[in-house]
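As stored in target-v6.cif (mmCIF, C-alpha atoms and all ligand atoms):
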```
data_query
#
loop_
_atom_site.label_atom_id
_atom_site.label_comp_id
_atom_site.auth_asym_id
_atom_site.auth_seq_id
_atom_site.Cartn_x
_atom_site.Cartn_y
_atom_site.Cartn_z
CA MET A 1 0.00 0.00 0.00
CA ASN A 2 1.43 3.41 -0.86
CA ARG A 3 1.33 6.18 1.70
CA PHE A 4 -1.56 8.03 0.07
CA ASP A 5 -3.80 4.95 0.23
CA LEU A 6 -2.60 4.23 3.74
CA THR A 7 -3.40 7.77 4.88
CA LYS A 8 -6.91 7.35 3.46
CA LYS A 9 -7.31 4.01 5.22
CA ILE A 10 -6.22 5.46 8.56
CA GLU A 11 -8.45 8.50 8.06
CA ASP A 12 -11.34 6.14 7.45
CA GLU A 13 -10.58 4.06 10.56
CA ILE A 14 -10.36 7.18 12.72
CA SER A 15 -13.76 8.35 11.52
CA LYS A 16 -15.25 4.94 12.34
CA HIS A 17 -13.51 4.90 15.76
CA ASP A 18 -11.84 1.76 14.57
CA LEU A 19 -8.17 2.74 14.64
CA HIS A 20 -5.90 0.20 16.29
CA HIS A 21 -4.23 1.67 19.38
CA ALA A 22 -0.75 0.49 18.33
CA ILE A 23 0.65 0.74 14.82
CA LEU A 24 4.10 -0.16 13.58
CA PHE A 25 5.18 1.52 10.34
CA GLU A 26 8.09 -0.03 8.50
CA SER A 27 9.84 1.98 5.80
CA ASN A 28 13.12 2.01 3.94
CA ASN A 29 13.48 5.74 4.51
CA SER A 30 13.76 6.94 8.10
CA LYS A 31 13.55 10.64 7.21
CA ASN A 32 10.38 10.35 5.17
CA ILE A 33 8.68 8.02 7.61
CA LYS A 34 9.25 10.61 10.31
CA ALA A 35 7.34 13.28 8.38
CA PHE A 36 4.66 10.76 7.47
CA VAL A 37 3.90 9.54 11.01
CA SER A 38 4.09 13.06 12.36
CA ASP A 39 1.17 13.97 10.11
CA ILE A 40 -0.73 10.82 11.08
CA ALA A 41 -0.27 11.73 14.77
CA ARG A 42 -1.56 15.24 14.10
CA MET A 43 -4.63 13.82 12.38
CA ILE A 44 -5.35 11.51 15.35
CA ILE A 45 -4.95 14.31 17.90
CA CYS A 46 -7.00 16.92 15.99
CA PRO A 47 -10.54 16.97 17.52
CA ASN A 48 -11.88 17.20 13.96
CA ASN A 49 -9.43 14.55 12.71
CA SER A 50 -8.81 16.95 9.89
CA ASN A 51 -6.62 16.04 6.96
CA PRO A 52 -4.87 18.28 6.10
CA SER A 53 -4.43 20.47 9.18
CA ASP A 54 -7.37 22.75 9.97
CA ASN A 55 -5.02 24.93 12.00
CA CYS A 56 -6.87 24.21 15.23
CA TYR A 57 -5.04 24.46 18.57
CA PHE A 58 -4.13 20.75 18.46
CA CYS A 59 -3.02 20.70 14.82
CA VAL A 60 -0.77 23.71 15.28
CA GLY A 61 0.52 22.35 18.61
CA SER A 62 1.19 18.97 17.10
CA ILE A 63 3.13 20.43 14.18
CA LYS A 64 5.11 22.75 16.46
CA ASN A 65 5.49 20.14 19.19
CA THR A 66 4.01 22.41 21.84
CA ILE A 67 1.22 20.20 23.17
CA VAL A 68 1.42 17.64 25.96
CA ASN A 69 -0.77 15.19 24.02
CA LYS A 70 2.07 14.15 21.77
CA ILE A 71 5.39 12.65 22.82
CA GLU A 72 8.11 11.67 20.38
CA ILE A 73 10.87 9.32 21.45
CA VAL A 74 13.89 9.26 19.22
CA ASP A 75 17.34 7.93 19.86
CA ASN A 76 20.18 7.09 17.55
CA VAL A 77 21.78 4.46 19.71
CA LEU A 78 19.51 2.77 22.21
CA ILE A 79 16.10 3.72 23.55
CA LYS A 80 16.46 3.56 27.30
CA LYS A 81 13.99 2.34 29.89
CA ALA A 82 13.88 5.78 31.53
CA GLN A 83 12.68 7.38 28.26
CA ILE A 84 9.77 4.93 28.12
CA GLU A 85 8.92 5.30 31.81
CA ASN A 86 9.03 9.05 31.49
CA MET A 87 6.55 8.95 28.61
CA ILE A 88 4.16 6.61 30.49
CA GLU A 89 4.31 8.84 33.54
CA LYS A 90 3.57 11.97 31.52
CA PHE A 91 0.62 10.37 29.80
CA SER A 92 -0.74 9.14 33.10
CA ALA A 93 -0.42 12.56 34.73
CA SER A 94 -3.59 14.42 35.53
CA LEU A 95 -2.58 17.52 33.58
CA ILE A 96 -3.89 15.87 30.45
CA VAL A 97 -7.65 15.68 30.50
CA GLU A 98 -8.57 12.01 30.49
CA ASN A 99 -10.71 12.10 27.36
CA LYS A 100 -8.19 13.99 25.25
CA THR A 101 -6.47 11.93 22.62
CA LYS A 102 -2.80 11.20 23.21
CA VAL A 103 -0.22 9.87 20.79
CA TYR A 104 3.30 8.70 21.45
CA ILE A 105 5.71 8.02 18.66
CA ILE A 106 8.71 5.78 19.06
CA HIS A 107 11.12 6.18 16.18
CA ALA A 108 13.46 3.32 15.29
CA ALA A 109 11.65 0.81 17.49
CA GLU A 110 14.41 -1.71 16.75
CA LEU A 111 16.56 0.37 19.11
CA LEU A 112 14.39 -0.39 22.12
CA ALA A 113 16.56 -2.08 24.71
CA VAL A 114 15.19 -5.29 26.21
CA ASP A 115 14.27 -3.62 29.52
CA SER A 116 12.73 -0.68 27.58
CA SER A 117 10.60 -3.11 25.58
CA ASN A 118 9.48 -4.78 28.78
CA ALA A 119 8.63 -1.42 30.34
CA LEU A 120 6.58 -0.58 27.26
CA LEU A 121 4.72 -3.88 26.85
CA LYS A 122 2.07 -3.43 29.52
CA PHE A 123 1.34 0.14 28.42
CA LEU A 124 1.21 -0.99 24.82
CA GLU A 125 -1.33 -3.62 25.78
CA GLU A 126 -3.35 -1.60 28.28
CA PRO A 127 -2.78 2.06 27.48
CA SER A 128 -4.43 4.89 29.35
CA PRO A 129 -7.74 5.90 27.70
CA ASN A 130 -7.56 7.42 24.22
CA THR A 131 -3.88 6.71 23.85
CA TYR A 132 -2.33 5.64 20.57
CA ALA A 133 1.12 4.26 19.92
CA ILE A 134 2.94 4.85 16.66
CA LEU A 135 6.19 2.98 16.17
CA THR A 136 8.50 3.26 13.20
CA THR A 137 11.30 1.07 12.01
CA THR A 138 13.50 0.60 8.98
CA ASN A 139 13.72 -3.11 9.74
CA ALA A 140 10.72 -4.82 11.33
CA SER A 141 12.61 -8.09 11.70
CA LYS A 142 14.80 -6.40 14.29
CA VAL A 143 11.90 -5.22 16.43
CA MET A 144 11.18 -7.49 19.38
CA THR A 145 8.47 -10.03 18.63
CA THR A 146 6.59 -9.21 21.83
CA ILE A 147 6.30 -5.58 20.68
CA LYS A 148 5.41 -6.47 17.10
CA SER A 149 2.69 -8.90 18.12
CA ARG A 150 0.81 -6.07 19.83
CA CYS A 151 0.88 -3.79 16.79
CA VAL A 152 -0.81 -3.61 13.43
CA LYS A 153 2.02 -3.46 10.91
CA TYR A 154 2.22 -1.48 7.68
CA SER A 155 5.08 -1.27 5.22
CA ILE A 156 5.44 1.94 3.28
CA PRO A 157 7.70 2.10 0.28
CA PHE A 158 9.22 5.48 -0.52
CA GLU A 159 10.81 6.22 -3.84
CA ALA A 160 14.58 6.35 -3.76
CA GLU A 161 15.70 9.55 -2.11
CA ILE A 162 16.12 12.41 -4.53
CA GLU A 163 18.42 15.28 -3.69
CA SER A 164 15.92 17.86 -2.56
CA GLU A 165 18.43 20.67 -3.06
CA GLU A 166 17.99 20.27 -6.79
CA ASN A 167 14.32 21.01 -6.52
CA GLU A 168 13.83 24.68 -7.35
CA LEU A 169 10.29 24.76 -6.02
CA ILE A 170 11.37 23.62 -2.54
CA ASP A 171 14.04 26.28 -2.58
CA ILE A 172 11.53 29.00 -3.55
CA ILE A 173 9.08 27.98 -0.80
CA ARG A 174 11.85 27.95 1.80
CA ARG A 175 13.03 31.39 0.72
CA LYS A 176 9.40 32.59 0.64
CA ASP A 177 10.23 34.19 -2.69
CA LYS A 178 6.86 35.08 -4.23
CA LYS A 179 8.37 36.65 -7.33
CA ALA A 180 10.44 33.56 -8.06
CA LEU A 181 7.32 31.48 -7.49
CA PHE A 182 5.51 33.14 -10.41
CA LEU A 183 8.61 32.98 -12.59
CA PHE A 184 8.70 29.26 -11.82
CA GLY A 185 5.09 29.01 -13.01
CA ASN A 186 5.87 30.81 -16.26
CA LYS A 187 8.97 28.81 -16.89
CA ASN A 188 7.17 25.50 -16.47
CA LYS A 189 4.16 26.29 -18.65
CA LYS A 190 5.21 23.73 -21.21
CA THR A 191 6.87 21.20 -18.93
CA ASP A 192 5.39 17.73 -19.36
CA ALA A 193 3.10 16.29 -16.71
CA SER A 194 5.40 13.49 -15.55
CA THR A 195 8.27 15.91 -14.84
CA LEU A 196 5.89 18.18 -12.98
CA ILE A 197 4.53 15.24 -10.98
CA ASN A 198 8.06 14.44 -9.82
CA ILE A 199 8.71 18.03 -8.77
CA ILE A 200 5.38 18.27 -6.95
CA LYS A 201 5.80 14.89 -5.25
CA GLU A 202 9.26 15.77 -4.04
CA THR A 203 8.12 19.17 -2.78
CA TYR A 204 5.21 17.52 -0.99
CA LYS A 205 7.49 15.03 0.69
CA PHE A 206 10.37 17.27 1.71
CA GLU A 207 8.69 20.59 2.37
CA ILE A 208 4.91 20.59 2.46
CA LEU A 209 4.47 17.69 4.89
CA VAL A 210 7.05 19.24 7.13
CA ASN A 211 6.29 22.97 7.03
CA HIS A 212 3.02 23.62 5.18
CA VAL A 213 0.80 20.69 5.92
CA GLU A 214 -2.25 22.94 5.52
CA ILE A 215 -1.86 22.75 1.74
CA ALA A 216 -0.83 19.08 1.63
CA LYS A 217 -4.23 18.11 0.27
CA ASP A 218 -3.87 20.61 -2.59
CA PHE A 219 -0.61 18.96 -3.54
CA LEU A 220 -2.14 15.49 -3.54
CA GLU A 221 -5.00 16.76 -5.68
CA ALA A 222 -2.61 18.42 -8.10
CA ILE A 223 -0.69 15.16 -8.53
CA GLU A 224 -3.95 13.36 -9.29
CA GLN A 225 -4.98 16.05 -11.78
CA PHE A 226 -1.62 16.00 -13.53
CA ARG A 227 -2.11 12.29 -14.02
CA VAL A 228 -5.45 12.58 -15.77
CA ASN A 229 -5.71 16.13 -16.99
CA SER A 230 -4.21 17.67 -20.07
CA PHE A 231 -4.58 21.19 -18.66
CA THR A 232 -1.33 20.95 -16.74
CA ASN A 233 -0.81 24.68 -17.02
CA MET A 234 -4.02 25.44 -15.14
CA VAL A 235 -3.35 22.83 -12.46
CA LEU A 236 0.12 24.29 -11.91
CA GLU A 237 -1.24 27.83 -11.76
CA ASN A 238 -3.81 26.85 -9.14
CA LEU A 239 -1.18 25.16 -7.05
CA ILE A 240 1.07 28.18 -7.25
CA VAL A 241 -1.77 30.37 -5.93
CA LYS A 242 -2.11 27.97 -2.95
CA ILE A 243 1.61 28.16 -2.28
CA TYR A 244 1.50 31.95 -2.63
CA GLU A 245 -1.11 32.10 0.13
CA VAL A 246 1.00 30.28 2.70
CA ILE A 247 4.52 31.56 2.13
ZN ZN B 1 -7.08 20.23 13.89
#
```
For the structure just supplied, provide its representation as structure tokens.
Ligand SMILES: [Zn+2]
Amino acid sequence: MNRFDLTKKIEDEISKHDLHHAILFESNNSKNIKAFVSDIARMIICPNNSNPSDNCYFCVGSIKNTIVNKIEIVDNVLIKKAQIENMIEKFSASLIVENKTKVYIIHAAELLAVDSSNALLKFLEEPSPNTYAILTTTNASKVMTTIKSRCVKYSIPFEAEIESEENELIDIIRRKDKKALFLFGNKNKKTDASTLINIIKETYKFEILVNHVEIAKDFLEAIEQFRVNSFTNMVLENLIVKIYEVI
């Protein structure tokens, strides 16, 4: 399943109150999976479960990491027991209203030490109310079986990493250069759809999901339209207007 279909599936499960409380995402690309699950977490925490962000308090807080409802655990070497216990304690604390949705993300779950895994198991099985676990890994076979068996597992393939620095559109958005944005539109009037799809996809992945998730949906729609529509010029122009509004 690609990540667009998976996002739709998860969106659907959230709306039916049918989302599994523990999900393990496996991907070959640790950077992209981070952006992906961060957006999934935001969608779960948002009271409207909005996709893309509706800029509510929880969406903004989730993106900026300023809310107590979301905890991200990331370590490059070994995830220690204390990090897990700290998270459980925070989520059990009374400062979070019981019925508010909480999400914890454990990146590189294969780095959970044995005692960390054991500390997590009970919470993974019997979490506090409205608590969701999102785990990521680049190699599910290295994640402890006891952890895996308590999660629903999805594999997400990402296209081979493209050097984002070569993408002019990403550069323009980062520089917030509105003039260059329109020049980009003019310059690409006659660019073929498949080239444009690649540029848009890459921009979506490296910049929009990270910094402008509020127009993520517009990007996905543009990709779809480029695939079927011959009016690529109009689709590109519309997208540029959306970008213009947020930079
Ligand atoms: Zn929201």
Could you list, as a PyMOL selection string, all protein and nucleic acid residues with an atom at most 10 Å from ligand ZN 1 (chain B), counting all atoms listed in the file? chain A and resi 42-62
Once you count all atoms listed in the file, what closest atom pair and distance in Å to one decimal does each residue of segment 121-177 of chain A within 7 Å of segment 16-37 of chain A have, with rows by chain and rising residue number, as a Markdown table?
```
| residue | atom | partner | partner_atom | distance |
| --- | --- | --- | --- | --- |
| A:Leu124 | CA | A:Ala22 | CA | 6.9 |
| A:Thr131 | CA | A:His21 | CA | 6.7 |
| A:Tyr132 | CA | A:His21 | CA | 4.6 |
| A:Ala133 | CA | A:Ala22 | CA | 4.5 |
| A:Ile134 | CA | A:Ile23 | CA | 5.1 |
| A:Leu135 | CA | A:Leu24 | CA | 4.6 |
| A:Thr136 | CA | A:Phe25 | CA | 4.7 |
| A:Thr137 | CA | A:Glu26 | CA | 4.9 |
| A:Thr138 | CA | A:Ser27 | CA | 5.0 |
| A:Asn139 | CA | A:Glu26 | CA | 6.5 |
| A:Ala140 | CA | A:Glu26 | CA | 6.2 |
| A:Arg150 | CA | A:Ala22 | CA | 6.9 |
| A:Cys151 | CA | A:Ala22 | CA | 4.8 |
| A:Val152 | CA | A:Ile23 | CA | 4.8 |
| A:Lys153 | CA | A:Leu24 | CA | 4.7 |
| A:Tyr154 | CA | A:Phe25 | CA | 5.0 |
| A:Ser155 | CA | A:Glu26 | CA | 4.6 |
| A:Ile156 | CA | A:Ser27 | CA | 5.1 |
| A:Pro157 | CA | A:Ser27 | CA | 5.9 |
| A:Phe158 | CA | A:Asn29 | CA | 6.6 |
```
Determine, counting all atoms listed in the file, which protein, DNA and RNA residues have an atom within 8 Å of an atom of segment 176-187 of chain A; residues of the same chain fewer than 4 positions away are not included. Present the result as an NGL selection string. :A and (169 or 172 or 236-237 or 240 or 244 or 247)
Export of prior selection with C-alpha atoms as a compact mmCIF listing (two decimals), in the frame of the given file:
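What follows is the written file again_0.txt:
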```txt
# COMPACT_ATOMS: atom_id res chain seq x y z
CA LEU A 169 10.29 24.76 -6.02
CA ILE A 172 11.53 29.00 -3.55
CA LEU A 236 0.12 24.29 -11.91
CA GLU A 237 -1.24 27.83 -11.76
CA ILE A 240 1.07 28.18 -7.25
CA TYR A 244 1.50 31.95 -2.63
CA ILE A 247 4.52 31.56 2.13
```
Neighbour list for segment 113-122 of chain A as a ChimeraX atom specification, cut-off 6 Å, only C-alpha atoms, skip fewer than 4 positions in-chain: /A:79-81,126
Let me have the centre and edge lengths in Å, one decimal, of the box along x, y and z around every listed atom of segment 220-232 of chain A with 8 Å of margin on each side, as JSON.
```
{"center_x": -3.2, "center_y": 16.7, "center_z": -11.8, "size_x": 21.0, "size_y": 24.9, "size_z": 32.5}
```
